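**Student:** To be precise about what I am sending: the file is called data-v8.txt and holds compact mmCIF, C-alpha atoms and all ligand atoms.
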```txt
# COMPACT_ATOMS: atom_id res chain seq x y z
CA MET B 29 -0.28 -14.38 16.26
CA ILE B 30 3.39 -13.76 15.47
CA LYS B 31 4.22 -10.09 15.92
CA LYS B 32 5.51 -8.44 12.78
CA ARG B 33 8.35 -5.95 13.18
CA ILE B 34 7.27 -2.95 11.16
CA LEU B 35 9.31 0.15 10.35
CA VAL B 36 7.36 3.34 9.59
CA THR B 37 9.39 6.29 8.29
CA GLY B 38 7.61 9.59 8.81
CA GLY B 39 5.64 7.92 11.60
CA ALA B 40 5.18 11.11 13.64
CA GLY B 41 3.44 12.93 10.78
CA PHE B 42 -0.24 13.14 9.91
CA LEU B 43 -0.65 9.83 8.04
CA GLY B 44 2.25 8.09 9.79
CA SER B 45 0.80 8.61 13.27
CA HIS B 46 -2.54 7.06 12.25
CA LEU B 47 -0.67 4.17 10.65
CA CYS B 48 1.47 3.56 13.78
CA ASP B 49 -1.70 3.63 15.87
CA ARG B 50 -3.43 1.00 13.73
CA LEU B 51 -0.35 -1.24 13.51
CA VAL B 52 0.27 -1.19 17.27
CA ARG B 53 -3.44 -1.79 17.95
CA GLU B 54 -3.35 -4.82 15.63
CA GLY B 55 -0.55 -6.38 17.72
CA ASN B 56 2.58 -5.49 15.77
CA ASP B 57 5.99 -4.29 16.99
CA VAL B 58 6.42 -0.83 15.47
CA ILE B 59 9.55 1.27 14.95
CA CYS B 60 8.79 4.88 14.07
CA VAL B 61 11.62 6.83 12.42
CA ASP B 62 11.14 10.57 12.07
CA ASN B 63 13.21 13.75 12.36
CA LEU B 64 10.14 15.85 13.27
CA PHE B 65 10.62 18.17 10.26
CA THR B 66 6.83 18.53 9.93
CA GLY B 67 5.70 15.82 12.33
CA SER B 68 5.28 16.10 16.07
CA LYS B 69 5.76 13.98 19.16
CA ASP B 70 2.25 15.04 20.17
CA ASN B 71 0.89 12.81 17.39
CA ILE B 72 2.50 9.71 18.94
CA ARG B 73 2.63 10.76 22.61
CA HIS B 74 0.06 8.14 23.63
CA LEU B 75 2.22 5.38 22.08
CA LEU B 76 5.54 6.30 23.70
CA GLU B 77 4.99 4.21 26.87
CA ASN B 78 4.05 1.12 24.87
CA PRO B 79 6.86 -1.49 24.80
CA TYR B 80 5.81 -2.44 21.26
CA PHE B 81 6.40 1.07 19.96
CA GLU B 82 9.81 2.70 19.54
CA PHE B 83 10.52 6.21 18.35
CA ILE B 84 13.88 6.92 16.71
CA ARG B 85 14.72 10.56 15.92
CA HIS B 86 16.59 10.18 12.66
CA ASP B 87 16.91 11.84 9.27
CA VAL B 88 16.14 9.32 6.50
CA ILE B 89 18.71 10.98 4.25
CA MET B 90 21.25 9.04 6.35
CA PRO B 91 21.43 5.21 6.32
CA ILE B 92 19.74 3.30 9.10
CA TYR B 93 20.30 -0.28 10.21
CA VAL B 94 17.42 -2.06 11.98
CA GLU B 95 15.81 -5.46 11.51
CA CYS B 96 12.19 -5.66 10.36
CA ASP B 97 9.64 -7.57 8.29
CA GLN B 98 7.82 -4.67 6.65
CA ILE B 99 8.68 -1.04 5.84
CA TYR B 100 6.21 1.78 5.19
CA ASN B 101 8.17 4.66 3.64
CA LEU B 102 6.26 7.86 4.42
CA ALA B 103 8.99 10.33 5.42
CA CYS B 104 8.60 13.50 3.32
CA PRO B 105 6.76 16.78 3.90
CA ALA B 106 3.49 16.70 1.94
CA SER B 107 2.13 20.25 2.14
CA PRO B 108 3.26 22.58 -0.69
CA ILE B 109 4.17 25.29 1.84
CA GLN B 110 6.30 22.84 3.84
CA TYR B 111 7.99 21.06 0.93
CA GLN B 112 8.84 24.36 -0.77
CA ARG B 113 10.50 25.73 2.39
CA ASP B 114 13.74 23.89 1.58
CA PRO B 115 13.17 22.35 -1.85
CA ILE B 116 16.62 20.77 -2.21
CA TYR B 117 16.13 19.04 1.12
CA THR B 118 12.72 17.78 -0.05
CA THR B 119 14.26 16.11 -3.10
CA LYS B 120 17.02 14.64 -0.93
CA THR B 121 14.47 13.29 1.51
CA SER B 122 12.46 11.59 -1.24
CA MET B 123 15.44 10.26 -3.14
CA TYR B 124 17.98 9.28 -0.47
CA GLY B 125 15.16 8.33 1.89
CA ALA B 126 13.80 5.89 -0.69
CA MET B 127 17.27 4.55 -1.50
CA ASN B 128 18.15 3.89 2.14
CA ALA B 129 14.79 2.26 2.83
CA LEU B 130 15.23 0.09 -0.27
CA GLY B 131 18.78 -0.82 0.76
CA LEU B 132 17.38 -1.86 4.11
CA ALA B 133 14.63 -3.91 2.43
CA LYS B 134 17.22 -5.56 0.16
CA ARG B 135 19.41 -6.52 3.13
CA THR B 136 16.61 -7.76 5.42
CA GLY B 137 14.20 -9.16 2.82
CA ALA B 138 11.45 -6.93 4.23
CA ARG B 139 8.46 -6.03 2.08
CA ILE B 140 8.40 -2.28 1.44
CA LEU B 141 5.59 0.17 0.61
CA GLN B 142 6.16 3.61 -0.87
CA ALA B 143 3.81 6.50 -0.09
CA SER B 144 3.78 8.01 -3.56
CA THR B 145 1.36 10.67 -4.66
CA SER B 146 -1.16 11.90 -7.20
CA GLU B 147 1.36 14.74 -7.74
CA ILE B 148 3.34 12.43 -10.01
CA TYR B 149 0.51 13.12 -12.52
CA GLY B 150 1.34 16.86 -12.30
CA ASP B 151 -1.36 19.08 -13.85
CA PRO B 152 -3.20 16.22 -15.59
CA GLU B 153 -4.71 16.33 -19.08
CA ILE B 154 -7.07 13.46 -18.33
CA SER B 155 -9.66 12.98 -15.62
CA PRO B 156 -10.10 10.81 -13.67
CA GLN B 157 -6.40 9.87 -13.46
CA VAL B 158 -5.69 6.20 -14.09
CA GLU B 159 -2.39 4.52 -13.08
CA SER B 160 -1.24 4.11 -16.71
CA TYR B 161 -1.33 7.91 -17.25
CA ARG B 162 2.26 9.19 -17.26
CA GLY B 163 1.60 12.68 -16.05
CA ARG B 164 2.47 16.27 -16.86
CA VAL B 165 4.99 17.68 -14.38
CA ASN B 166 6.91 20.93 -14.85
CA THR B 167 10.44 19.76 -14.07
CA ILE B 168 11.69 23.27 -13.23
CA GLY B 169 8.73 24.70 -11.31
CA PRO B 170 8.31 25.22 -7.55
CA ARG B 171 6.43 21.92 -7.10
CA ALA B 172 9.08 19.88 -8.93
CA CYS B 173 11.17 19.21 -5.79
CA TYR B 174 8.27 17.16 -4.49
CA ASP B 175 6.82 15.80 -7.74
CA GLU B 176 10.14 14.77 -9.27
CA GLY B 177 11.46 13.51 -5.92
CA LYS B 178 8.43 11.22 -5.70
CA ARG B 179 8.82 10.18 -9.35
CA VAL B 180 12.46 9.18 -8.90
CA ALA B 181 11.47 7.31 -5.74
CA GLU B 182 8.99 5.27 -7.82
CA THR B 183 11.78 4.62 -10.33
CA LEU B 184 14.08 3.40 -7.55
CA PHE B 185 11.36 1.13 -6.21
CA PHE B 186 10.83 -0.55 -9.57
CA ASP B 187 14.57 -0.83 -10.27
CA TYR B 188 15.25 -2.44 -6.86
CA HIS B 189 12.36 -4.78 -7.65
CA ARG B 190 13.69 -5.75 -11.09
CA GLN B 191 17.38 -5.75 -10.23
CA HIS B 192 17.37 -7.12 -6.66
CA ASN B 193 13.95 -8.76 -6.42
CA VAL B 194 12.88 -6.46 -3.57
CA ASP B 195 9.22 -7.02 -2.64
CA ILE B 196 7.65 -3.60 -3.36
CA LYS B 197 4.22 -1.96 -3.18
CA VAL B 198 3.69 1.52 -4.60
CA MET B 199 0.68 3.55 -3.50
CA ARG B 200 -0.36 6.82 -5.16
CA ILE B 201 -2.13 8.79 -2.47
CA PHE B 202 -4.65 11.50 -3.38
CA ASN B 203 -5.44 14.45 -1.04
CA THR B 204 -6.15 13.07 2.41
CA TYR B 205 -7.34 14.95 5.50
CA GLY B 206 -8.29 14.36 9.11
CA PRO B 207 -7.14 14.69 12.73
CA ASN B 208 -3.38 15.10 13.40
CA MET B 209 -2.82 17.45 10.48
CA ASP B 210 -0.63 20.20 11.87
CA ILE B 211 -2.48 23.48 12.54
CA GLY B 212 0.14 25.37 10.53
CA ASP B 213 0.51 22.65 7.89
CA GLY B 214 -0.86 24.91 5.15
CA ARG B 215 -2.95 22.37 3.26
CA VAL B 216 -6.43 23.40 2.26
CA VAL B 217 -8.66 21.39 4.62
CA SER B 218 -6.77 22.31 7.81
CA ASN B 219 -6.41 25.94 6.68
CA PHE B 220 -10.14 26.36 5.97
CA ILE B 221 -11.28 24.62 9.18
CA VAL B 222 -8.93 26.59 11.43
CA GLN B 223 -9.81 29.89 9.71
CA ALA B 224 -13.56 29.21 9.93
CA LEU B 225 -13.38 28.15 13.58
CA LYS B 226 -11.52 31.33 14.48
CA GLY B 227 -13.86 33.49 12.40
CA GLU B 228 -10.95 34.62 10.22
CA ASP B 229 -11.12 35.12 6.45
CA VAL B 230 -11.14 31.84 4.52
CA THR B 231 -8.40 32.10 1.90
CA ILE B 232 -9.19 30.69 -1.55
CA TYR B 233 -6.21 30.71 -3.89
CA GLY B 234 -7.22 31.64 -7.44
CA ASP B 235 -10.96 31.71 -8.26
CA GLY B 236 -11.63 28.43 -6.42
CA SER B 237 -12.73 26.56 -9.56
CA GLN B 238 -9.81 24.08 -9.33
CA THR B 239 -10.89 20.66 -8.07
CA ARG B 240 -9.57 18.11 -5.60
CA SER B 241 -10.85 14.75 -4.30
CA PHE B 242 -10.64 14.43 -0.54
CA CYS B 243 -10.16 11.11 1.28
CA TYR B 244 -10.69 10.75 5.03
CA VAL B 245 -7.61 9.40 6.82
CA ASP B 246 -9.21 6.19 8.20
CA ASP B 247 -10.15 5.06 4.68
CA LEU B 248 -6.66 5.88 3.44
CA ILE B 249 -4.90 3.91 6.18
CA ASP B 250 -7.18 0.96 5.52
CA GLY B 251 -6.15 1.03 1.84
CA MET B 252 -2.48 1.33 2.78
CA ILE B 253 -2.56 -1.72 5.06
CA ARG B 254 -4.50 -3.72 2.46
CA LEU B 255 -1.91 -2.88 -0.16
CA MET B 256 0.99 -3.87 2.11
CA ASN B 257 -0.68 -7.25 2.69
CA SER B 258 -1.84 -7.79 -0.88
CA ARG B 259 -0.95 -10.84 -2.95
CA ASP B 260 2.67 -11.66 -3.83
CA GLY B 261 3.70 -10.10 -7.10
CA PHE B 262 1.19 -7.25 -7.01
CA THR B 263 3.41 -4.18 -6.95
CA GLY B 264 1.03 -1.41 -8.00
CA PRO B 265 1.29 1.50 -8.54
CA VAL B 266 -2.24 1.81 -7.26
CA ASN B 267 -4.32 4.94 -6.71
CA ILE B 268 -5.86 5.32 -3.26
CA GLY B 269 -8.21 8.24 -2.81
CA ASN B 270 -11.84 9.26 -2.75
CA PRO B 271 -13.25 9.83 -6.26
CA GLY B 272 -15.75 12.44 -5.00
CA GLU B 273 -14.58 15.63 -6.74
CA PHE B 274 -15.18 19.14 -5.36
CA THR B 275 -14.11 22.64 -6.34
CA ILE B 276 -12.12 24.51 -3.71
CA ARG B 277 -14.97 27.03 -3.53
CA GLN B 278 -17.43 24.22 -2.71
CA LEU B 279 -15.06 23.04 0.02
CA ALA B 280 -14.85 26.53 1.55
CA GLU B 281 -18.64 26.91 1.53
CA LYS B 282 -19.14 23.45 3.04
CA VAL B 283 -16.66 24.10 5.89
CA ILE B 284 -18.24 27.50 6.69
CA GLU B 285 -21.73 25.95 6.67
CA LEU B 286 -20.81 22.97 8.88
CA ILE B 287 -19.14 25.23 11.44
CA GLY B 288 -21.86 27.89 11.20
CA SER B 289 -19.01 30.37 10.90
CA LYS B 290 -19.21 34.10 10.23
CA SER B 291 -15.98 33.96 8.20
CA ARG B 292 -15.87 35.67 4.81
CA ILE B 293 -14.27 34.08 1.76
CA ILE B 294 -11.39 36.08 0.28
CA TYR B 295 -9.49 35.36 -2.92
CA GLN B 296 -5.68 35.35 -3.08
CA GLU B 297 -3.15 34.69 -5.81
CA LEU B 298 -3.05 31.16 -7.22
CA PRO B 299 0.35 29.52 -6.60
CA LYS B 300 2.36 28.64 -9.72
CA ASP B 301 1.67 25.23 -11.30
CA ASP B 302 -1.34 24.56 -9.02
CA PRO B 303 -3.11 21.60 -10.71
CA VAL B 304 -6.50 22.46 -12.20
CA GLN B 305 -8.14 19.12 -11.47
CA ARG B 306 -7.53 15.93 -9.57
CA LYS B 307 -9.70 12.84 -9.26
CA PRO B 308 -8.56 9.23 -8.84
CA ASP B 309 -9.72 6.30 -10.92
CA ILE B 310 -9.85 3.60 -8.22
CA THR B 311 -10.87 0.62 -10.36
CA LEU B 312 -7.54 -1.13 -9.67
CA ALA B 313 -7.82 -0.65 -5.89
CA ARG B 314 -11.38 -2.04 -6.00
CA GLU B 315 -10.31 -5.09 -8.01
CA GLU B 316 -6.99 -5.92 -6.34
CA LEU B 317 -7.58 -4.80 -2.77
CA GLY B 318 -11.37 -4.93 -2.47
CA TRP B 319 -11.00 -1.35 -1.25
CA GLU B 320 -13.10 1.73 -1.63
CA PRO B 321 -13.65 4.70 0.64
CA THR B 322 -16.60 4.59 3.04
CA ILE B 323 -16.48 8.04 4.64
CA GLN B 324 -17.86 10.85 2.51
CA LEU B 325 -16.73 14.46 2.68
CA GLU B 326 -19.34 15.88 5.07
CA GLU B 327 -18.86 13.12 7.67
CA GLY B 328 -15.07 13.35 7.47
CA LEU B 329 -15.13 17.13 7.73
CA LYS B 330 -17.28 16.92 10.86
CA LYS B 331 -14.78 14.59 12.54
CA THR B 332 -11.90 16.86 11.54
CA ILE B 333 -13.71 19.98 12.77
CA THR B 334 -14.28 18.29 16.16
CA TYR B 335 -10.55 17.58 16.39
CA PHE B 336 -9.41 21.12 15.54
CA GLU B 337 -12.04 22.68 17.80
CA ALA B 338 -10.75 20.71 20.79
CA LEU B 339 -7.14 21.48 19.90
CA LEU B 340 -7.73 25.23 19.55
CA LYS B 341 -9.62 25.29 22.86
CA GLU B 342 -6.76 23.42 24.55
CA LYS B 343 -4.34 26.05 23.20
CA GLY B 344 -6.62 28.84 24.41
CA GLU B 345 -7.17 30.09 20.87
CA LEU B 346 -10.95 29.65 20.88
P1 LIG N 401 3.40 15.08 7.09
O1 LIG N 401 4.22 16.25 6.70
O2 LIG N 401 2.39 15.27 8.18
O3 LIG N 401 4.32 13.85 7.51
C1 LIG N 401 5.60 13.62 6.98
C2 LIG N 401 6.49 13.11 8.10
O4 LIG N 401 7.79 12.84 7.57
C3 LIG N 401 6.68 14.12 9.23
O5 LIG N 401 6.49 13.51 10.47
C4 LIG N 401 8.10 14.62 9.03
O6 LIG N 401 8.69 15.07 10.23
C5 LIG N 401 8.78 13.39 8.45
N1 LIG N 401 9.97 13.73 7.69
C6 LIG N 401 10.12 14.65 6.70
N2 LIG N 401 11.38 14.67 6.23
C7 LIG N 401 12.06 13.73 6.94
C8 LIG N 401 13.41 13.27 6.94
N3 LIG N 401 14.31 13.78 6.09
N4 LIG N 401 13.76 12.31 7.83
C9 LIG N 401 12.87 11.78 8.68
N5 LIG N 401 11.57 12.17 8.73
C10 LIG N 401 11.18 13.13 7.87
O7 LIG N 401 2.69 14.57 5.76
P2 LIG N 401 1.62 13.40 5.55
O8 LIG N 401 0.41 13.99 4.96
O9 LIG N 401 1.50 12.54 6.74
O10 LIG N 401 2.32 12.56 4.38
C11 LIG N 401 2.97 11.32 4.62
C12 LIG N 401 3.44 10.73 3.30
O11 LIG N 401 2.32 10.52 2.44
C13 LIG N 401 4.41 11.64 2.54
O12 LIG N 401 5.40 10.84 1.94
C14 LIG N 401 3.53 12.27 1.50
O13 LIG N 401 4.27 12.63 0.35
C15 LIG N 401 2.53 11.17 1.21
N6 LIG N 401 1.28 11.73 0.68
C16 LIG N 401 0.38 12.34 1.51
C17 LIG N 401 -0.79 12.89 0.98
C18 LIG N 401 -1.84 13.55 1.84
O14 LIG N 401 -2.80 14.07 1.30
N7 LIG N 401 -1.73 13.54 3.15
C19 LIG N 401 -1.02 12.83 -0.40
C20 LIG N 401 -0.06 12.22 -1.21
C21 LIG N 401 1.07 11.66 -0.66
N1 LIG N 402 21.25 0.98 3.74
C1 LIG N 402 20.65 1.31 4.93
N2 LIG N 402 20.30 0.29 5.77
C2 LIG N 402 20.51 -1.02 5.50
C3 LIG N 402 21.11 -1.34 4.25
C4 LIG N 402 21.48 -0.32 3.39
O1 LIG N 402 20.41 2.47 5.25
O2 LIG N 402 20.14 -1.85 6.29
C5 LIG N 402 21.63 2.07 2.82
C6 LIG N 402 23.07 1.98 2.34
O3 LIG N 402 23.89 2.77 3.21
C7 LIG N 402 23.03 2.53 0.95
C8 LIG N 402 21.56 2.46 0.55
O4 LIG N 402 20.85 1.95 1.66
O5 LIG N 402 23.40 3.89 0.95
C9 LIG N 402 21.32 1.57 -0.65
O6 LIG N 402 21.74 0.27 -0.33
P1 LIG N 402 22.32 -0.69 -1.44
O7 LIG N 402 22.69 -1.98 -0.78
O8 LIG N 402 21.43 -0.75 -2.61
O9 LIG N 402 23.59 0.14 -1.94
P2 LIG N 402 25.14 -0.04 -1.86
O10 LIG N 402 25.48 -0.19 -0.39
O11 LIG N 402 25.40 -1.27 -2.66
O12 LIG N 402 25.65 1.21 -2.46
N1 LIG N 403 -5.73 26.20 -1.33
C1 LIG N 403 -6.54 27.31 -1.08
N2 LIG N 403 -6.43 27.93 0.12
C2 LIG N 403 -5.59 27.51 1.10
C3 LIG N 403 -4.76 26.38 0.84
C4 LIG N 403 -4.87 25.75 -0.39
O1 LIG N 403 -7.34 27.72 -1.94
O2 LIG N 403 -5.56 28.15 2.18
C5 LIG N 403 -5.88 25.51 -2.62
C6 LIG N 403 -4.58 25.24 -3.37
O3 LIG N 403 -4.23 26.35 -4.17
C7 LIG N 403 -4.94 24.01 -4.19
C8 LIG N 403 -5.94 23.26 -3.30
O4 LIG N 403 -6.44 24.23 -2.37
O5 LIG N 403 -5.61 24.39 -5.37
C9 LIG N 403 -5.31 22.10 -2.54
O6 LIG N 403 -4.16 22.60 -1.89
P1 LIG N 403 -3.28 21.72 -0.88
O7 LIG N 403 -2.14 22.60 -0.48
O8 LIG N 403 -4.14 21.17 0.19
O9 LIG N 403 -2.77 20.48 -1.72
P2 LIG N 403 -2.34 20.20 -3.23
O10 LIG N 403 -3.41 19.33 -3.75
O11 LIG N 403 -2.26 21.48 -4.00
O12 LIG N 403 -1.02 19.54 -3.12
```
Would you mind giving the structure from this file in C-alpha cells?
**Tutor:**
Amino acid sequence: MIKKRILVTGGAGFLGSHLCDRLVREGNDVICVDNLFTGSKDNIRHLLENPYFEFIRHDVIMPIYVECDQIYNLACPASPIQYQRDPIYTTKTSMYGAMNALGLAKRTGARILQASTSEIYGDPEISPQVESYRGRVNTIGPRACYDEGKRVAETLFFDYHRQHNVDIKVMRIFNTYGPNMDIGDGRVVSNFIVQALKGEDVTIYGDGSQTRSFCYVDDLIDGMIRLMNSRDGFTGPVNIGNPGEFTIRQLAEKVIELIGSKSRIIYQELPKDDPVQRKPDITLAREELGWEPTIQLEEGLKKTITYFEALLKEKGEL
C-alpha cells in the first residue's frame, strides 16, 4: 500500500485525535496541526513517538506550507462555552483557517474535507434536518461567531471548488460524544457524566425539553473517512449523525441511572439562541456512503463513562 500523506488540522482535539489514531493505524503518514486552544497533547501522546505521525504547533489563522494528499479541516473550538470565550477569534479560525487550508489544497491538488456542523441550520423550523434546508441562524447572537464562521467556510469550500476545481467534501456533523472530550469542555455529555460521577448536581439548562441526537465518536470517524474516500464529484454537504433523538432531561436521567449516581438534577438558565430541536436526516449518507451509525446511546454512554471514571481516578478526583 502506498502511504497517503494526510494533514489533520485540529488533530489534538476530541474528534481530531480519534481521526489521527485511525489514519495512523491504517498505515498513513499523518501531520497533525493544532495550537492546543481546546485540544491537548494528552490526546495524541501515544502517537508522538511514531515516525508516521508529526505534531506541528501552529495557529491555522496563519498560512502553512506542507505537502500532502488529503486534508481534514477540523481546527475550531466546538463547545459553545469554548467558542464564545473569544468569539472574534472563533470566526477568524473558521474563516482564515478554511481559506488557508483551501489555498494549500489548491496548490498541492490535495482532496480536502471540511468539518462543518448541524449549527449551520441554526434553530431549525423543520425536523429532521435535511441537507437542502437552508437554516435559521441569528446573525447577531452569541452563537453566530461559530454558526456564521462555519457557514462562510462552506461558502469558501464551494467557491474554491467552482472557481479553482478544488476537490472538496463537506460534512455536517451533529452532536458527537465519547472519550477524549476535555473534562472542562462544557458540552452536555461530558458535563453530565463528570457531574454524575462526582455526585455533584447535574445541570440542565432550561426545562430540559430541548432535543439533541447523539452520535458516538467511532461511528462519526467512520463516516468522515468514508466521505473523504467517496466517489469523485460527490462534494456533499452530507449530514453525519445519529438520528436517535432525546430530550436533555432524558439524557440526564439516563446518565444518572447508568452510573447509579446520587446526583440531583438542577435547572439553570437556558443560554440565548439554544436550538429547540436537532435531528439529522441521514438518507444521503446511507445512499452515498453506505453509512449509518451502529452504536446506540446507552452503549456509547457506557464507554464514555468508563473513560471519564478512569481519568478522574488518575487525577485523584474520585
Ligand atoms: P475540540 O474543541 O475538541 O477540537 C478542536 C481542535 O481545534 C482543538 O484541538 C483545538 O486546539 C484546535 N484549534 C482551535 N482553534 C485553532 C486554531 N486557530 N489553530 C489551530 N488549532 C486550533 O472540538 P471537536 O469536537 O473535536 O470538533 C472538531 C471539529 O468538528 C470542529 O471543527 C467542530 O466545529 C466540528 N464539529 C464537532 C461536533 C461535535 O459534536 N464534536 C459537531 C459539529 C461539528
Ligand atoms: N496558503 C497556505 N498554504 C499553501 C498555499 C496557500 O497557507 O500551501 C494560504 C495563502 O497564504 C493564502 C490562502 O492560503 O492566504 C489562500 O490561498 P490562495 O492561493 O487562494 O490565495 P492568494 O494567495 O491567491 O491570495
Ligand atoms: N446543556 C445542559 N447542561 C449542560 C450543558 C449543556 O442542559 O451542562 C444543554 C444545552 O443548553 C443544549 C444541549 O444541552 O440545549 C446541548 O448542549 P451542547 O453544549 O453539548 O451542544 P449544542 O448542541 O448546544 O451545540
**Student:** What is the distance between CA of Ala224 in chain B and atom C1 of ligand LIG 403 (chain N), in Å to one decimal?
**Tutor:**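 Atom-to-atom, CA of Ala224 in chain B and atom C1 of ligand LIG 403 (chain N) are spaced 13.2 Å apart.
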**Student:** Quick one: which range 309-339 of chain B residues come within 10 Å of range 260-267 of chain B, and what is the nearest atom pair for each with the distance in Å to one decimal, counting all atoms listed in the file, rows ordered by chain and ascending number, as JSON lines?
**Tutor:**
```
{"residue": "B:Asp309", "atom": "CA", "partner": "B:Asn267", "partner_atom": "CA", "distance": 7.0}
{"residue": "B:Ile310", "atom": "CA", "partner": "B:Asn267", "partner_atom": "CA", "distance": 5.9}
{"residue": "B:Thr311", "atom": "CA", "partner": "B:Asn267", "partner_atom": "CA", "distance": 8.7}
{"residue": "B:Leu312", "atom": "CA", "partner": "B:Val266", "partner_atom": "CA", "distance": 6.5}
{"residue": "B:Ala313", "atom": "CA", "partner": "B:Val266", "partner_atom": "CA", "distance": 6.3}
{"residue": "B:Arg314", "atom": "CA", "partner": "B:Asn267", "partner_atom": "CA", "distance": 10.0}
{"residue": "B:Glu316", "atom": "CA", "partner": "B:Phe262", "partner_atom": "CA", "distance": 8.3}
{"residue": "B:Leu317", "atom": "CA", "partner": "B:Val266", "partner_atom": "CA", "distance": 9.6}
```
**Student:** Write the residues you've just listed into a file as a PDB file, in the frame of the given file, and include C-alpha atoms for each of them.
**Tutor:**
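So out14.pdb came out as:
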```pdb
ATOM      1  CA  ASP B 309      -9.720   6.300 -10.920  1.00  0.00           C
ATOM      2  CA  ILE B 310      -9.850   3.600  -8.220  1.00  0.00           C
ATOM      3  CA  THR B 311     -10.870   0.620 -10.360  1.00  0.00           C
ATOM      4  CA  LEU B 312      -7.540  -1.130  -9.670  1.00  0.00           C
ATOM      5  CA  ALA B 313      -7.820  -0.650  -5.890  1.00  0.00           C
ATOM      6  CA  ARG B 314     -11.380  -2.040  -6.000  1.00  0.00           C
ATOM      7  CA  GLU B 316      -6.990  -5.920  -6.340  1.00  0.00           C
ATOM      8  CA  LEU B 317      -7.580  -4.800  -2.770  1.00  0.00           C
TER       9      LEU B 317
END
```
**Student:** All residues within 7 Å of ligand LIG 402 (chain N) are required, counting all atoms listed in the file; please report them as an MDAnalysis selection string.
**Tutor:** chainID B and resid 90:94 127:132 134:136
**Student:** How would you write, as a VMD selection string, the set of residues no farther than 6 Å from ligand LIG 401 (chain N) when counting only C-alpha atoms and all ligand atoms?
**Tutor:** chain B and resid 38 to 44 62 to 67 86 to 89 102 to 106 121 143 to 145 201 to 204
**Student:** Please measure the separation of CA of Asp246 in chain B and atom C3 of ligand LIG 403 (chain N), giving the value in Å to one decimal.
**Tutor:**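 Atom C3 of ligand LIG 403 (chain N) lies 21.9 Å from CA of Asp246 in chain B.
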**Student:** Return as JSON lines the residues of chain B lying at most 9 Å from ligand LIG 403 (chain N), together with the closest atom-to-atom pair for each and the distance in Å to one decimal, counting only C-alpha atoms and all ligand atoms, with rows in chain order and ascending residue number.
**Tutor:**
```
{"residue": "B:Ala106", "atom": "CA", "partner": "N:LIG403", "partner_atom": "O12", "distance": 7.3}
{"residue": "B:Ser107", "atom": "CA", "partner": "N:LIG403", "partner_atom": "O7", "distance": 5.5}
{"residue": "B:Pro108", "atom": "CA", "partner": "N:LIG403", "partner_atom": "O7", "distance": 5.4}
{"residue": "B:Ile109", "atom": "CA", "partner": "N:LIG403", "partner_atom": "O7", "distance": 7.2}
{"residue": "B:Ser146", "atom": "CA", "partner": "N:LIG403", "partner_atom": "O10", "distance": 8.5}
{"residue": "B:Glu147", "atom": "CA", "partner": "N:LIG403", "partner_atom": "O12", "distance": 7.1}
{"residue": "B:Arg171", "atom": "CA", "partner": "N:LIG403", "partner_atom": "O12", "distance": 8.8}
{"residue": "B:Phe202", "atom": "CA", "partner": "N:LIG403", "partner_atom": "O10", "distance": 7.9}
{"residue": "B:Asn203", "atom": "CA", "partner": "N:LIG403", "partner_atom": "O10", "distance": 5.9}
{"residue": "B:Thr204", "atom": "CA", "partner": "N:LIG403", "partner_atom": "O8", "distance": 8.6}
{"residue": "B:Tyr205", "atom": "CA", "partner": "N:LIG403", "partner_atom": "O8", "distance": 8.8}
{"residue": "B:Asp213", "atom": "CA", "partner": "N:LIG403", "partner_atom": "O7", "distance": 8.8}
{"residue": "B:Gly214", "atom": "CA", "partner": "N:LIG403", "partner_atom": "C3", "distance": 6.0}
{"residue": "B:Arg215", "atom": "CA", "partner": "N:LIG403", "partner_atom": "O8", "distance": 3.5}
{"residue": "B:Val216", "atom": "CA", "partner": "N:LIG403", "partner_atom": "C3", "distance": 3.7}
{"residue": "B:Val217", "atom": "CA", "partner": "N:LIG403", "partner_atom": "O8", "distance": 6.3}
{"residue": "B:Ser218", "atom": "CA", "partner": "N:LIG403", "partner_atom": "O8", "distance": 8.1}
{"residue": "B:Asn219", "atom": "CA", "partner": "N:LIG403", "partner_atom": "O2", "distance": 5.1}
{"residue": "B:Phe220", "atom": "CA", "partner": "N:LIG403", "partner_atom": "O2", "distance": 6.2}
{"residue": "B:Gln223", "atom": "CA", "partner": "N:LIG403", "partner_atom": "O2", "distance": 8.8}
{"residue": "B:Val230", "atom": "CA", "partner": "N:LIG403", "partner_atom": "O2", "distance": 7.1}
{"residue": "B:Thr231", "atom": "CA", "partner": "N:LIG403", "partner_atom": "O2", "distance": 4.9}
{"residue": "B:Ile232", "atom": "CA", "partner": "N:LIG403", "partner_atom": "O1", "distance": 3.5}
{"residue": "B:Tyr233", "atom": "CA", "partner": "N:LIG403", "partner_atom": "O1", "distance": 3.7}
{"residue": "B:Gly234", "atom": "CA", "partner": "N:LIG403", "partner_atom": "O1", "distance": 6.8}
{"residue": "B:Asp235", "atom": "CA", "partner": "N:LIG403", "partner_atom": "O1", "distance": 8.3}
{"residue": "B:Gly236", "atom": "CA", "partner": "N:LIG403", "partner_atom": "O1", "distance": 6.2}
{"residue": "B:Ser237", "atom": "CA", "partner": "N:LIG403", "partner_atom": "O5", "distance": 8.5}
{"residue": "B:Gln238", "atom": "CA", "partner": "N:LIG403", "partner_atom": "O5", "distance": 5.8}
{"residue": "B:Thr239", "atom": "CA", "partner": "N:LIG403", "partner_atom": "O5", "distance": 7.0}
{"residue": "B:Arg240", "atom": "CA", "partner": "N:LIG403", "partner_atom": "O10", "distance": 6.5}
{"residue": "B:Ser241", "atom": "CA", "partner": "N:LIG403", "partner_atom": "O10", "distance": 8.8}
{"residue": "B:Thr275", "atom": "CA", "partner": "N:LIG403", "partner_atom": "O5", "distance": 8.7}
{"residue": "B:Ile276", "atom": "CA", "partner": "N:LIG403", "partner_atom": "O4", "distance": 5.8}
{"residue": "B:Arg277", "atom": "CA", "partner": "N:LIG403", "partner_atom": "O1", "distance": 7.8}
{"residue": "B:Ala280", "atom": "CA", "partner": "N:LIG403", "partner_atom": "O1", "distance": 8.4}
{"residue": "B:Tyr295", "atom": "CA", "partner": "N:LIG403", "partner_atom": "O1", "distance": 8.0}
{"residue": "B:Gln296", "atom": "CA", "partner": "N:LIG403", "partner_atom": "O1", "distance": 7.9}
{"residue": "B:Glu297", "atom": "CA", "partner": "N:LIG403", "partner_atom": "O3", "distance": 8.6}
{"residue": "B:Leu298", "atom": "CA", "partner": "N:LIG403", "partner_atom": "O3", "distance": 5.8}
{"residue": "B:Pro299", "atom": "CA", "partner": "N:LIG403", "partner_atom": "O3", "distance": 6.1}
{"residue": "B:Lys300", "atom": "CA", "partner": "N:LIG403", "partner_atom": "O3", "distance": 8.9}
{"residue": "B:Asp302", "atom": "CA", "partner": "N:LIG403", "partner_atom": "O5", "distance": 5.6}
{"residue": "B:Pro303", "atom": "CA", "partner": "N:LIG403", "partner_atom": "O5", "distance": 6.5}
{"residue": "B:Val304", "atom": "CA", "partner": "N:LIG403", "partner_atom": "O5", "distance": 7.2}
{"residue": "B:Gln305", "atom": "CA", "partner": "N:LIG403", "partner_atom": "O5", "distance": 8.4}
{"residue": "B:Arg306", "atom": "CA", "partner": "N:LIG403", "partner_atom": "O10", "distance": 7.9}
```
